[in-house]
Protein chains: 2
Amino acid sequence: MEEQQVGSLHFHIDFSQPLYEQILDQARSAIAKGEIALGDKMPSVRELAQELRINPNTVMRAYQELERDGLTEKRRGQGTYVTSSPEHVASFRTELAARYIDSFMEQMESLGLSWEDIEKYIRRKQDAAQGGLGS
Amino acid sequence: MEEQQVGSLHFHIDFSQPLYEQILDQARSAIAKGEIALGDKMPSVRELAQELRINPNTVMRAYQELERDGLTEKRRGQGTYVTSSPEHVASFRTELAARYIDSFMEQMESLGLSWEDIEKYIRRKQDAAQGGLGS
DNA sequence: TTAAGTGTATTAAGTGATATAATACACTTA
DNA sequence: TAAGTGTATTATATCACTTAATACACTTAA
């Protein structure tokens, strides 16, 4: 397990998933949750690669997907910046959340679990953890 | 997209995921939902491979995992059978469901979504579909 | 103008997961 | 004995992922 702070971003990298996917997910999360502010400069491709001790091409791949998500903008010769548009972040969140939720509901359906079953499990878990998630 | 009925089992195979994983998931689902009965004989490795037009080794891999799940028992020289123990199926369901749910909640948390947000989305979706899932 | 720092593109190579193919063995049943 | 089981092995092929080494175009600041 690898823990790394790069600017205002925090990464924990392991070998359970493709590297570019972990960078992507964790950068998405940081932007979606406002851990890095709108308009802020992201670490450069080379810098992040050096800090995480991985290849620049791998960082590039994650950064290209971030831009496709509408979460970042790239300025040739300057660097990569978090979008300044709150709407872009918001629409990304709802779209990705919808994808996650739909896929999750399919999994539950494949196990023959109803929505009520799921609610019961979550409630039990939240009680046990004394409100771990509910904002 | 490939649709195949093999005995009481139904498979739809594509190239979105590893073949062995699709077989595994769909067999798990069929057993968990009782679409194939406890104690029933599964298709033989060779038969399923032939029907799905894939390699027997690939079916083997899925079948081995099914046994590790406690969902099937293999009898050398006879075949592969669905477990006769309802408890095994039940414990598998709750265990896998817990894994799915936990991973899902992590995804939601990474997007900064609260449990209430999720509930709202689901309710809206269920209303729109006039009760698509609720048992 | 120059140097350093950006994103980007290309080519080559290596590794591991996935899948196929061919074959053989041990076991059970009819 | 023959046919049908699960199982194991070896070889091969493909693809995703990752690294490596370079090179190019652009921007900014010295």
# chains A, B, ... in the order shown; residues from 1 in each chain; ligands from 1
>>> calpha_fit_and_write(fixed="chain B", moving="chain A", output="compact mmCIF listing (two decimals) with N, CA and C atoms, in the first residue's frame")
# COMPACT_ATOMS: atom_id res chain seq x y z
N MET A 1 -23.85 -10.28 -28.69
CA MET A 1 -24.58 -10.83 -27.52
C MET A 1 -25.03 -12.25 -27.82
N GLU A 2 -24.76 -13.13 -26.90
CA GLU A 2 -25.03 -14.56 -27.10
C GLU A 2 -26.03 -15.02 -26.04
N GLU A 3 -27.13 -15.59 -26.48
CA GLU A 3 -28.14 -16.09 -25.54
C GLU A 3 -28.21 -17.60 -25.63
N GLN A 4 -28.14 -18.27 -24.48
CA GLN A 4 -28.09 -19.74 -24.51
C GLN A 4 -28.85 -20.34 -23.34
N GLN A 5 -29.68 -21.30 -23.65
CA GLN A 5 -30.34 -22.07 -22.60
C GLN A 5 -29.68 -23.44 -22.51
N VAL A 6 -29.18 -23.79 -21.32
CA VAL A 6 -28.53 -25.08 -21.14
C VAL A 6 -29.19 -25.76 -19.95
N GLY A 7 -30.01 -26.74 -20.19
CA GLY A 7 -30.78 -27.34 -19.13
C GLY A 7 -31.70 -26.28 -18.54
N SER A 8 -31.66 -26.16 -17.22
CA SER A 8 -32.51 -25.14 -16.60
C SER A 8 -31.78 -23.81 -16.45
N LEU A 9 -30.57 -23.76 -16.97
CA LEU A 9 -29.77 -22.53 -16.83
C LEU A 9 -29.81 -21.70 -18.10
N HIS A 10 -29.82 -20.39 -17.88
CA HIS A 10 -29.81 -19.47 -19.02
C HIS A 10 -28.56 -18.59 -18.95
N PHE A 11 -27.88 -18.49 -20.07
CA PHE A 11 -26.66 -17.68 -20.12
C PHE A 11 -26.74 -16.64 -21.23
N HIS A 12 -26.27 -15.46 -20.93
CA HIS A 12 -26.06 -14.47 -21.99
C HIS A 12 -24.63 -13.97 -21.89
N ILE A 13 -23.87 -14.34 -22.89
CA ILE A 13 -22.43 -14.11 -22.89
C ILE A 13 -22.07 -13.03 -23.91
N ASP A 14 -21.22 -12.11 -23.49
CA ASP A 14 -20.68 -11.12 -24.43
C ASP A 14 -19.19 -10.96 -24.16
N PHE A 15 -18.61 -9.89 -24.63
CA PHE A 15 -17.18 -9.72 -24.48
C PHE A 15 -16.82 -8.56 -23.55
N SER A 16 -17.80 -8.15 -22.75
CA SER A 16 -17.57 -7.02 -21.86
C SER A 16 -16.75 -7.44 -20.64
N GLN A 17 -16.75 -8.73 -20.32
CA GLN A 17 -16.06 -9.22 -19.14
C GLN A 17 -15.41 -10.56 -19.47
N PRO A 18 -14.51 -11.02 -18.62
CA PRO A 18 -13.98 -12.38 -18.81
C PRO A 18 -15.11 -13.40 -18.87
N LEU A 19 -14.96 -14.39 -19.74
CA LEU A 19 -16.00 -15.39 -19.93
C LEU A 19 -16.28 -16.16 -18.63
N TYR A 20 -15.21 -16.57 -17.96
CA TYR A 20 -15.41 -17.37 -16.75
C TYR A 20 -16.16 -16.59 -15.68
N GLU A 21 -16.01 -15.26 -15.70
CA GLU A 21 -16.68 -14.43 -14.72
C GLU A 21 -18.17 -14.32 -15.01
N GLN A 22 -18.50 -14.26 -16.28
CA GLN A 22 -19.91 -14.18 -16.66
C GLN A 22 -20.62 -15.49 -16.32
N ILE A 23 -19.97 -16.61 -16.60
CA ILE A 23 -20.55 -17.91 -16.27
C ILE A 23 -20.74 -18.00 -14.76
N LEU A 24 -19.71 -17.60 -14.04
CA LEU A 24 -19.76 -17.63 -12.58
C LEU A 24 -20.92 -16.80 -12.05
N ASP A 25 -20.99 -15.55 -12.48
CA ASP A 25 -22.04 -14.66 -11.98
C ASP A 25 -23.43 -15.18 -12.28
N GLN A 26 -23.60 -15.67 -13.49
CA GLN A 26 -24.94 -16.07 -13.90
C GLN A 26 -25.34 -17.39 -13.26
N ALA A 27 -24.36 -18.26 -13.02
CA ALA A 27 -24.67 -19.51 -12.32
C ALA A 27 -24.97 -19.20 -10.85
N ARG A 28 -24.19 -18.33 -10.24
CA ARG A 28 -24.46 -17.90 -8.87
C ARG A 28 -25.88 -17.37 -8.75
N SER A 29 -26.22 -16.51 -9.68
CA SER A 29 -27.53 -15.88 -9.65
C SER A 29 -28.63 -16.92 -9.74
N ALA A 30 -28.47 -17.87 -10.66
CA ALA A 30 -29.49 -18.91 -10.86
C ALA A 30 -29.68 -19.73 -9.59
N ILE A 31 -28.59 -20.03 -8.92
CA ILE A 31 -28.68 -20.82 -7.69
C ILE A 31 -29.27 -19.98 -6.56
N ALA A 32 -28.79 -18.75 -6.44
CA ALA A 32 -29.26 -17.87 -5.36
C ALA A 32 -30.75 -17.62 -5.48
N LYS A 33 -31.24 -17.51 -6.70
CA LYS A 33 -32.65 -17.21 -6.92
C LYS A 33 -33.50 -18.47 -7.07
N GLY A 34 -32.87 -19.64 -6.96
CA GLY A 34 -33.63 -20.88 -7.03
C GLY A 34 -34.10 -21.24 -8.43
N GLU A 35 -33.49 -20.62 -9.43
CA GLU A 35 -33.89 -20.95 -10.80
C GLU A 35 -33.44 -22.36 -11.17
N ILE A 36 -32.40 -22.81 -10.47
CA ILE A 36 -32.04 -24.23 -10.55
C ILE A 36 -32.15 -24.75 -9.12
N ALA A 37 -32.79 -25.90 -8.96
CA ALA A 37 -33.16 -26.37 -7.62
C ALA A 37 -31.99 -26.96 -6.87
N LEU A 38 -32.10 -26.96 -5.54
CA LEU A 38 -31.09 -27.56 -4.69
C LEU A 38 -30.92 -29.02 -5.06
N GLY A 39 -29.68 -29.47 -5.15
CA GLY A 39 -29.42 -30.88 -5.45
C GLY A 39 -29.43 -31.22 -6.93
N ASP A 40 -29.88 -30.28 -7.74
CA ASP A 40 -29.93 -30.54 -9.19
C ASP A 40 -28.54 -30.70 -9.79
N LYS A 41 -28.49 -31.44 -10.88
CA LYS A 41 -27.23 -31.62 -11.59
C LYS A 41 -26.97 -30.44 -12.51
N MET A 42 -25.77 -29.93 -12.44
CA MET A 42 -25.36 -28.86 -13.35
C MET A 42 -24.96 -29.47 -14.68
N PRO A 43 -24.93 -28.68 -15.74
CA PRO A 43 -24.39 -29.20 -17.01
C PRO A 43 -22.95 -29.62 -16.79
N SER A 44 -22.51 -30.65 -17.48
CA SER A 44 -21.12 -31.07 -17.33
C SER A 44 -20.20 -30.00 -17.93
N VAL A 45 -18.98 -30.03 -17.49
CA VAL A 45 -18.00 -29.07 -18.00
C VAL A 45 -17.96 -29.09 -19.52
N ARG A 46 -17.85 -30.30 -20.07
CA ARG A 46 -17.74 -30.41 -21.53
C ARG A 46 -19.02 -29.96 -22.23
N GLU A 47 -20.17 -30.34 -21.65
CA GLU A 47 -21.43 -29.98 -22.30
C GLU A 47 -21.61 -28.46 -22.35
N LEU A 48 -21.39 -27.82 -21.20
CA LEU A 48 -21.56 -26.37 -21.16
C LEU A 48 -20.59 -25.68 -22.11
N ALA A 49 -19.38 -26.19 -22.13
CA ALA A 49 -18.38 -25.60 -23.03
C ALA A 49 -18.83 -25.71 -24.49
N GLN A 50 -19.40 -26.87 -24.81
CA GLN A 50 -19.83 -27.07 -26.19
C GLN A 50 -21.01 -26.17 -26.53
N GLU A 51 -21.97 -26.09 -25.61
CA GLU A 51 -23.16 -25.26 -25.85
C GLU A 51 -22.78 -23.80 -26.02
N LEU A 52 -21.87 -23.33 -25.14
CA LEU A 52 -21.49 -21.92 -25.19
C LEU A 52 -20.38 -21.66 -26.20
N ARG A 53 -19.90 -22.74 -26.78
CA ARG A 53 -18.83 -22.65 -27.77
C ARG A 53 -17.57 -21.98 -27.20
N ILE A 54 -17.21 -22.39 -26.01
CA ILE A 54 -15.97 -21.90 -25.40
C ILE A 54 -15.17 -23.09 -24.91
N ASN A 55 -14.00 -22.82 -24.38
CA ASN A 55 -13.09 -23.90 -23.98
C ASN A 55 -13.49 -24.52 -22.64
N PRO A 56 -13.39 -25.84 -22.53
CA PRO A 56 -13.70 -26.51 -21.25
C PRO A 56 -12.92 -25.94 -20.07
N ASN A 57 -11.68 -25.56 -20.31
CA ASN A 57 -10.88 -24.99 -19.22
C ASN A 57 -11.52 -23.74 -18.63
N THR A 58 -12.16 -22.97 -19.50
CA THR A 58 -12.80 -21.74 -19.04
C THR A 58 -14.02 -22.05 -18.18
N VAL A 59 -14.78 -23.06 -18.57
CA VAL A 59 -15.91 -23.49 -17.75
C VAL A 59 -15.41 -24.03 -16.41
N MET A 60 -14.35 -24.83 -16.48
CA MET A 60 -13.73 -25.39 -15.27
C MET A 60 -13.43 -24.30 -14.25
N ARG A 61 -12.86 -23.24 -14.74
CA ARG A 61 -12.46 -22.17 -13.84
C ARG A 61 -13.67 -21.61 -13.09
N ALA A 62 -14.76 -21.43 -13.82
CA ALA A 62 -15.98 -20.93 -13.19
C ALA A 62 -16.53 -21.96 -12.19
N TYR A 63 -16.49 -23.22 -12.57
CA TYR A 63 -17.05 -24.27 -11.72
C TYR A 63 -16.24 -24.43 -10.43
N GLN A 64 -14.94 -24.26 -10.53
CA GLN A 64 -14.11 -24.37 -9.33
C GLN A 64 -14.45 -23.27 -8.33
N GLU A 65 -14.70 -22.08 -8.86
CA GLU A 65 -15.06 -20.97 -7.98
C GLU A 65 -16.44 -21.20 -7.37
N LEU A 66 -17.34 -21.77 -8.14
CA LEU A 66 -18.67 -22.08 -7.61
C LEU A 66 -18.57 -23.02 -6.41
N GLU A 67 -17.66 -23.98 -6.51
CA GLU A 67 -17.50 -24.92 -5.40
C GLU A 67 -16.89 -24.23 -4.19
N ARG A 68 -15.95 -23.34 -4.45
CA ARG A 68 -15.36 -22.58 -3.34
C ARG A 68 -16.43 -21.73 -2.65
N ASP A 69 -17.40 -21.27 -3.42
CA ASP A 69 -18.51 -20.50 -2.85
C ASP A 69 -19.41 -21.36 -1.98
N GLY A 70 -19.26 -22.69 -2.12
CA GLY A 70 -20.14 -23.58 -1.37
C GLY A 70 -21.47 -23.79 -2.06
N LEU A 71 -21.56 -23.37 -3.31
CA LEU A 71 -22.84 -23.47 -4.03
C LEU A 71 -22.99 -24.78 -4.78
N THR A 72 -21.87 -25.45 -5.04
CA THR A 72 -21.95 -26.73 -5.76
C THR A 72 -21.06 -27.76 -5.09
N GLU A 73 -21.31 -29.02 -5.42
CA GLU A 73 -20.44 -30.12 -4.99
C GLU A 73 -20.10 -30.92 -6.22
N LYS A 74 -18.85 -31.36 -6.28
CA LYS A 74 -18.45 -32.15 -7.43
C LYS A 74 -18.27 -33.60 -7.01
N ARG A 75 -18.73 -34.52 -7.86
CA ARG A 75 -18.55 -35.94 -7.59
C ARG A 75 -17.80 -36.54 -8.77
N ARG A 76 -16.60 -36.93 -8.47
CA ARG A 76 -15.70 -37.47 -9.50
C ARG A 76 -16.40 -38.55 -10.30
N GLY A 77 -16.39 -38.43 -11.58
CA GLY A 77 -16.98 -39.42 -12.45
C GLY A 77 -18.47 -39.27 -12.62
N GLN A 78 -19.10 -38.40 -11.80
CA GLN A 78 -20.56 -38.24 -11.89
C GLN A 78 -20.96 -36.88 -12.44
N GLY A 79 -20.39 -35.85 -11.89
CA GLY A 79 -20.76 -34.53 -12.36
C GLY A 79 -20.77 -33.49 -11.26
N THR A 80 -21.29 -32.31 -11.57
CA THR A 80 -21.36 -31.20 -10.62
C THR A 80 -22.81 -30.98 -10.22
N TYR A 81 -23.05 -30.87 -8.92
CA TYR A 81 -24.41 -30.75 -8.42
C TYR A 81 -24.56 -29.50 -7.57
N VAL A 82 -25.71 -28.87 -7.66
CA VAL A 82 -26.03 -27.77 -6.77
C VAL A 82 -26.10 -28.31 -5.35
N THR A 83 -25.56 -27.57 -4.41
CA THR A 83 -25.58 -28.02 -3.02
C THR A 83 -27.01 -28.32 -2.57
N SER A 84 -27.15 -29.25 -1.65
CA SER A 84 -28.48 -29.57 -1.12
C SER A 84 -28.76 -28.78 0.15
N SER A 85 -27.79 -27.94 0.51
CA SER A 85 -27.93 -27.21 1.78
C SER A 85 -28.44 -25.79 1.56
N PRO A 86 -29.68 -25.52 1.98
CA PRO A 86 -30.22 -24.15 1.88
C PRO A 86 -29.37 -23.17 2.67
N GLU A 87 -28.74 -23.66 3.75
CA GLU A 87 -27.92 -22.76 4.56
C GLU A 87 -26.70 -22.27 3.78
N HIS A 88 -26.12 -23.13 3.01
CA HIS A 88 -24.98 -22.72 2.20
C HIS A 88 -25.36 -21.60 1.24
N VAL A 89 -26.51 -21.76 0.60
CA VAL A 89 -26.96 -20.75 -0.35
C VAL A 89 -27.24 -19.44 0.37
N ALA A 90 -27.90 -19.57 1.53
CA ALA A 90 -28.26 -18.37 2.28
C ALA A 90 -27.02 -17.61 2.73
N SER A 91 -26.03 -18.33 3.25
CA SER A 91 -24.86 -17.64 3.77
C SER A 91 -24.05 -17.04 2.63
N PHE A 92 -24.05 -17.73 1.48
CA PHE A 92 -23.38 -17.15 0.33
C PHE A 92 -24.04 -15.83 -0.08
N ARG A 93 -25.37 -15.84 -0.12
CA ARG A 93 -26.10 -14.63 -0.52
C ARG A 93 -25.78 -13.46 0.39
N THR A 94 -25.85 -13.68 1.67
CA THR A 94 -25.62 -12.57 2.59
C THR A 94 -24.18 -12.08 2.53
N GLU A 95 -23.27 -13.03 2.36
CA GLU A 95 -21.86 -12.63 2.33
C GLU A 95 -21.54 -11.82 1.08
N LEU A 96 -22.01 -12.30 -0.07
CA LEU A 96 -21.73 -11.59 -1.31
C LEU A 96 -22.46 -10.25 -1.34
N ALA A 97 -23.69 -10.25 -0.83
CA ALA A 97 -24.46 -9.01 -0.79
C ALA A 97 -23.72 -7.98 0.05
N ALA A 98 -23.19 -8.40 1.18
CA ALA A 98 -22.45 -7.49 2.05
C ALA A 98 -21.25 -6.90 1.32
N ARG A 99 -20.57 -7.75 0.57
CA ARG A 99 -19.40 -7.28 -0.17
C ARG A 99 -19.83 -6.24 -1.21
N TYR A 100 -20.89 -6.55 -1.93
CA TYR A 100 -21.39 -5.62 -2.95
C TYR A 100 -21.81 -4.29 -2.33
N ILE A 101 -22.55 -4.39 -1.24
CA ILE A 101 -23.08 -3.17 -0.61
C ILE A 101 -21.95 -2.30 -0.09
N ASP A 102 -20.99 -2.91 0.57
CA ASP A 102 -19.87 -2.13 1.10
C ASP A 102 -19.11 -1.41 -0.01
N SER A 103 -18.85 -2.15 -1.08
CA SER A 103 -18.12 -1.54 -2.19
C SER A 103 -18.94 -0.42 -2.82
N PHE A 104 -20.25 -0.63 -2.89
CA PHE A 104 -21.13 0.40 -3.44
C PHE A 104 -21.12 1.66 -2.57
N MET A 105 -21.19 1.47 -1.28
CA MET A 105 -21.20 2.62 -0.38
C MET A 105 -19.88 3.39 -0.47
N GLU A 106 -18.80 2.69 -0.71
CA GLU A 106 -17.52 3.38 -0.90
C GLU A 106 -17.54 4.24 -2.15
N GLN A 107 -18.13 3.70 -3.20
CA GLN A 107 -18.23 4.48 -4.44
C GLN A 107 -19.05 5.74 -4.21
N MET A 108 -20.16 5.58 -3.54
CA MET A 108 -21.03 6.74 -3.29
C MET A 108 -20.31 7.77 -2.43
N GLU A 109 -19.58 7.27 -1.44
CA GLU A 109 -18.85 8.17 -0.55
C GLU A 109 -17.78 8.94 -1.33
N SER A 110 -17.17 8.26 -2.32
CA SER A 110 -16.13 8.92 -3.10
C SER A 110 -16.70 10.03 -3.96
N LEU A 111 -18.00 9.96 -4.23
CA LEU A 111 -18.64 11.03 -5.01
C LEU A 111 -19.27 12.07 -4.08
N GLY A 112 -19.15 11.84 -2.79
CA GLY A 112 -19.71 12.78 -1.83
C GLY A 112 -21.21 12.71 -1.72
N LEU A 113 -21.78 11.52 -2.01
CA LEU A 113 -23.23 11.35 -1.94
C LEU A 113 -23.62 10.70 -0.62
N SER A 114 -24.64 11.24 0.02
CA SER A 114 -25.11 10.68 1.27
C SER A 114 -26.14 9.59 1.00
N TRP A 115 -26.44 8.84 2.03
CA TRP A 115 -27.44 7.79 1.93
C TRP A 115 -28.80 8.37 1.53
N GLU A 116 -29.08 9.55 2.02
CA GLU A 116 -30.35 10.18 1.68
C GLU A 116 -30.41 10.49 0.18
N ASP A 117 -29.30 10.94 -0.38
CA ASP A 117 -29.25 11.20 -1.83
C ASP A 117 -29.58 9.94 -2.61
N ILE A 118 -29.00 8.84 -2.17
CA ILE A 118 -29.20 7.58 -2.87
C ILE A 118 -30.67 7.16 -2.80
N GLU A 119 -31.22 7.25 -1.60
CA GLU A 119 -32.64 6.89 -1.44
C GLU A 119 -33.52 7.70 -2.37
N LYS A 120 -33.24 8.99 -2.44
CA LYS A 120 -34.03 9.86 -3.31
C LYS A 120 -33.99 9.36 -4.75
N TYR A 121 -32.79 9.05 -5.21
CA TYR A 121 -32.62 8.60 -6.60
C TYR A 121 -33.40 7.31 -6.85
N ILE A 122 -33.26 6.39 -5.91
CA ILE A 122 -33.94 5.10 -6.08
C ILE A 122 -35.45 5.28 -6.11
N ARG A 123 -35.96 6.08 -5.17
CA ARG A 123 -37.40 6.30 -5.11
C ARG A 123 -37.91 6.84 -6.43
N ARG A 124 -37.19 7.84 -6.92
CA ARG A 124 -37.59 8.46 -8.18
C ARG A 124 -37.62 7.41 -9.29
N LYS A 125 -36.61 6.59 -9.29
CA LYS A 125 -36.49 5.58 -10.34
C LYS A 125 -37.61 4.54 -10.23
N GLN A 126 -37.88 4.14 -8.99
CA GLN A 126 -38.92 3.14 -8.80
C GLN A 126 -40.29 3.68 -9.19
N ASP A 127 -40.55 4.93 -8.85
CA ASP A 127 -41.82 5.54 -9.23
C ASP A 127 -41.94 5.58 -10.75
N ALA A 128 -40.86 5.98 -11.38
CA ALA A 128 -40.87 6.10 -12.84
C ALA A 128 -41.15 4.76 -13.51
N ALA A 129 -40.60 3.69 -12.90
CA ALA A 129 -40.75 2.37 -13.50
C ALA A 129 -41.96 1.63 -12.92
N GLN A 130 -42.71 2.29 -12.07
CA GLN A 130 -43.87 1.69 -11.41
C GLN A 130 -43.51 0.40 -10.68
N GLY A 131 -42.53 0.51 -9.78
CA GLY A 131 -42.17 -0.63 -8.93
C GLY A 131 -41.46 -1.73 -9.66
N GLY A 132 -40.34 -1.43 -10.24
CA GLY A 132 -39.59 -2.43 -10.99
C GLY A 132 -38.93 -3.46 -10.12
N LEU A 133 -38.52 -3.11 -8.93
CA LEU A 133 -37.73 -4.05 -8.15
C LEU A 133 -38.45 -4.57 -6.92
N GLY A 134 -39.05 -3.69 -6.17
CA GLY A 134 -39.53 -4.03 -4.82
C GLY A 134 -40.30 -5.34 -4.74
N SER A 135 -39.64 -6.43 -5.04
CA SER A 135 -40.19 -7.78 -5.02
C SER A 135 -41.62 -7.84 -5.50
>>> closest_atom_pairs(of="chain C", to="chain A", cutoff="10 Å", atoms="only C-alpha atoms (C1' of nucleotides)", output="JSON lines")
{"residue": "C:DG5", "atom": "C1'", "partner": "A:Gly77", "partner_atom": "CA", "distance": 7.5}
{"residue": "C:DT6", "atom": "C1'", "partner": "A:Gly77", "partner_atom": "CA", "distance": 3.7}
{"residue": "C:DG7", "atom": "C1'", "partner": "A:Arg76", "partner_atom": "CA", "distance": 5.4}
{"residue": "C:DT8", "atom": "C1'", "partner": "A:Arg76", "partner_atom": "CA", "distance": 9.0}
>>> select_by_dssp(residues="stretch 7-121 of chain B", states="strand (DSSP E)", output="list in words")
Leu9, His10, Phe11, His12, Ile13, Thr72, Glu73, Lys74, Arg75, Gly79, Thr80, Tyr81 and Val82 of chain B
>>> closest_atom_pairs(of="chain D", to="chain B", cutoff="12 Å", atoms="only C-alpha atoms (C1' of nucleotides)", output="JSON lines")
{"residue": "D:DA3", "atom": "C1'", "partner": "B:Gly77", "partner_atom": "CA", "distance": 10.9}
{"residue": "D:DG4", "atom": "C1'", "partner": "B:Gly77", "partner_atom": "CA", "distance": 7.4}
{"residue": "D:DT5", "atom": "C1'", "partner": "B:Gly77", "partner_atom": "CA", "distance": 3.6}
{"residue": "D:DG6", "atom": "C1'", "partner": "B:Arg76", "partner_atom": "CA", "distance": 5.3}
{"residue": "D:DT7", "atom": "C1'", "partner": "B:Arg76", "partner_atom": "CA", "distance": 9.0}
{"residue": "D:DA8", "atom": "C1'", "partner": "B:Asn57", "partner_atom": "CA", "distance": 10.5}
{"residue": "D:DT9", "atom": "C1'", "partner": "B:Asn57", "partner_atom": "CA", "distance": 11.7}
{"residue": "D:DC15", "atom": "C1'", "partner": "B:Pro18", "partner_atom": "CA", "distance": 11.8}
>>> atom_distance(atom1="atom C1' of C:DT1", atom2="atom C1' of D:DA29")
12.1 Å
>>> atom_distance(atom1="atom C1' of D:DT10", atom2="atom C1' of C:DT28")
27.2 Å
>>> atom_distance(atom1="atom C1' of D:DA16", atom2="atom C1' of C:DT20")
18.1 Å
>>> select_by_dssp(residues="chain A", states="alpha helix (DSSP H)", output="PyMOL selection string")
chain A and resi 19-32+45-52+56-68+86-110+115-128
>>> residues_around(residues="C:DG14", least_positions_apart="4", cutoff="12 Å", atoms="only C-alpha atoms (C1' of nucleotides)", output="list in words")
DC17, DT18, DT19 and DA20 of chain D
>>> write_last_selection(atoms="all heavy atoms", output="mmCIF file, in the first residue's frame")
data_model
loop_
_atom_site.group_PDB
_atom_site.id
_atom_site.type_symbol
_atom_site.label_atom_id
_atom_site.label_comp_id
_atom_site.auth_asym_id
_atom_site.auth_seq_id
_atom_site.Cartn_x
_atom_site.Cartn_y
_atom_site.Cartn_z
ATOM 1 P P DC D 17 -6.794 -1.883 -19.236
ATOM 2 O OP1 DC D 17 -7.725 -1.836 -18.093
ATOM 3 O OP2 DC D 17 -6.869 -0.903 -20.322
ATOM 4 O "O5'" DC D 17 -5.308 -1.864 -18.647
ATOM 5 C "C5'" DC D 17 -4.929 -2.854 -17.700
ATOM 6 C "C4'" DC D 17 -3.424 -2.818 -17.484
ATOM 7 O "O4'" DC D 17 -2.750 -3.248 -18.677
ATOM 8 C "C3'" DC D 17 -2.861 -1.426 -17.157
ATOM 9 O "O3'" DC D 17 -2.361 -1.443 -15.837
ATOM 10 C "C2'" DC D 17 -1.765 -1.211 -18.216
ATOM 11 C "C1'" DC D 17 -1.486 -2.629 -18.692
ATOM 12 N N1 DC D 17 -0.938 -2.756 -20.083
ATOM 13 C C2 DC D 17 0.289 -3.401 -20.274
ATOM 14 O O2 DC D 17 0.882 -3.841 -19.290
ATOM 15 N N3 DC D 17 0.783 -3.524 -21.531
ATOM 16 C C4 DC D 17 0.107 -3.041 -22.575
ATOM 17 N N4 DC D 17 0.628 -3.195 -23.782
ATOM 18 C C5 DC D 17 -1.152 -2.384 -22.404
ATOM 19 C C6 DC D 17 -1.625 -2.265 -21.153
ATOM 20 P P DT D 18 -1.908 -0.083 -15.090
ATOM 21 O OP1 DT D 18 -2.006 -0.302 -13.636
ATOM 22 O OP2 DT D 18 -2.620 1.042 -15.751
ATOM 23 O "O5'" DT D 18 -0.366 0.027 -15.470
ATOM 24 C "C5'" DT D 18 0.521 -1.015 -15.077
ATOM 25 C "C4'" DT D 18 1.856 -0.852 -15.738
ATOM 26 O "O4'" DT D 18 1.752 -1.143 -17.136
ATOM 27 C "C3'" DT D 18 2.448 0.561 -15.681
ATOM 28 O "O3'" DT D 18 3.392 0.609 -14.622
ATOM 29 C "C2'" DT D 18 3.079 0.759 -17.067
ATOM 30 C "C1'" DT D 18 2.888 -0.597 -17.743
ATOM 31 N N1 DT D 18 2.670 -0.545 -19.221
ATOM 32 C C2 DT D 18 3.580 -1.150 -20.054
ATOM 33 O O2 DT D 18 4.572 -1.718 -19.633
ATOM 34 N N3 DT D 18 3.293 -1.054 -21.399
ATOM 35 C C4 DT D 18 2.211 -0.434 -21.979
ATOM 36 O O4 DT D 18 2.067 -0.419 -23.195
ATOM 37 C C5 DT D 18 1.280 0.175 -21.051
ATOM 38 C C7 DT D 18 0.071 0.868 -21.584
ATOM 39 C C6 DT D 18 1.556 0.090 -19.740
ATOM 40 P P DT D 19 4.200 1.946 -14.307
ATOM 41 O OP1 DT D 19 4.628 1.887 -12.908
ATOM 42 O OP2 DT D 19 3.459 3.106 -14.834
ATOM 43 O "O5'" DT D 19 5.491 1.750 -15.237
ATOM 44 C "C5'" DT D 19 6.249 0.554 -15.124
ATOM 45 C "C4'" DT D 19 7.287 0.467 -16.235
ATOM 46 O "O4'" DT D 19 6.602 0.368 -17.503
ATOM 47 C "C3'" DT D 19 8.209 1.693 -16.337
ATOM 48 O "O3'" DT D 19 9.541 1.281 -16.069
ATOM 49 C "C2'" DT D 19 8.032 2.182 -17.780
ATOM 50 C "C1'" DT D 19 7.398 0.994 -18.477
ATOM 51 N N1 DT D 19 6.500 1.341 -19.620
ATOM 52 C C2 DT D 19 6.828 0.935 -20.882
ATOM 53 O O2 DT D 19 7.835 0.298 -21.125
ATOM 54 N N3 DT D 19 5.925 1.297 -21.859
ATOM 55 C C4 DT D 19 4.761 2.006 -21.695
ATOM 56 O O4 DT D 19 4.037 2.265 -22.644
ATOM 57 C C5 DT D 19 4.468 2.409 -20.335
ATOM 58 C C7 DT D 19 3.231 3.171 -20.038
ATOM 59 C C6 DT D 19 5.341 2.063 -19.374
ATOM 60 P P DA D 20 10.657 2.395 -15.800
ATOM 61 O OP1 DA D 20 11.711 1.734 -15.005
ATOM 62 O OP2 DA D 20 10.054 3.657 -15.331
ATOM 63 O "O5'" DA D 20 11.200 2.654 -17.276
ATOM 64 C "C5'" DA D 20 11.644 1.541 -18.055
ATOM 65 C "C4'" DA D 20 12.056 2.022 -19.432
ATOM 66 O "O4'" DA D 20 10.868 2.162 -20.252
ATOM 67 C "C3'" DA D 20 12.748 3.388 -19.447
ATOM 68 O "O3'" DA D 20 14.099 3.195 -19.849
ATOM 69 C "C2'" DA D 20 11.939 4.221 -20.443
ATOM 70 C "C1'" DA D 20 11.090 3.191 -21.180
ATOM 71 N N9 DA D 20 9.771 3.658 -21.603
ATOM 72 C C8 DA D 20 8.783 4.154 -20.823
ATOM 73 N N7 DA D 20 7.683 4.474 -21.490
ATOM 74 C C5 DA D 20 7.986 4.166 -22.806
ATOM 75 C C6 DA D 20 7.252 4.261 -23.996
ATOM 76 N N6 DA D 20 6.005 4.740 -24.054
ATOM 77 N N1 DA D 20 7.855 3.851 -25.139
ATOM 78 C C2 DA D 20 9.107 3.377 -25.066
ATOM 79 N N3 DA D 20 9.898 3.233 -24.003
ATOM 80 C C4 DA D 20 9.266 3.649 -22.882
#
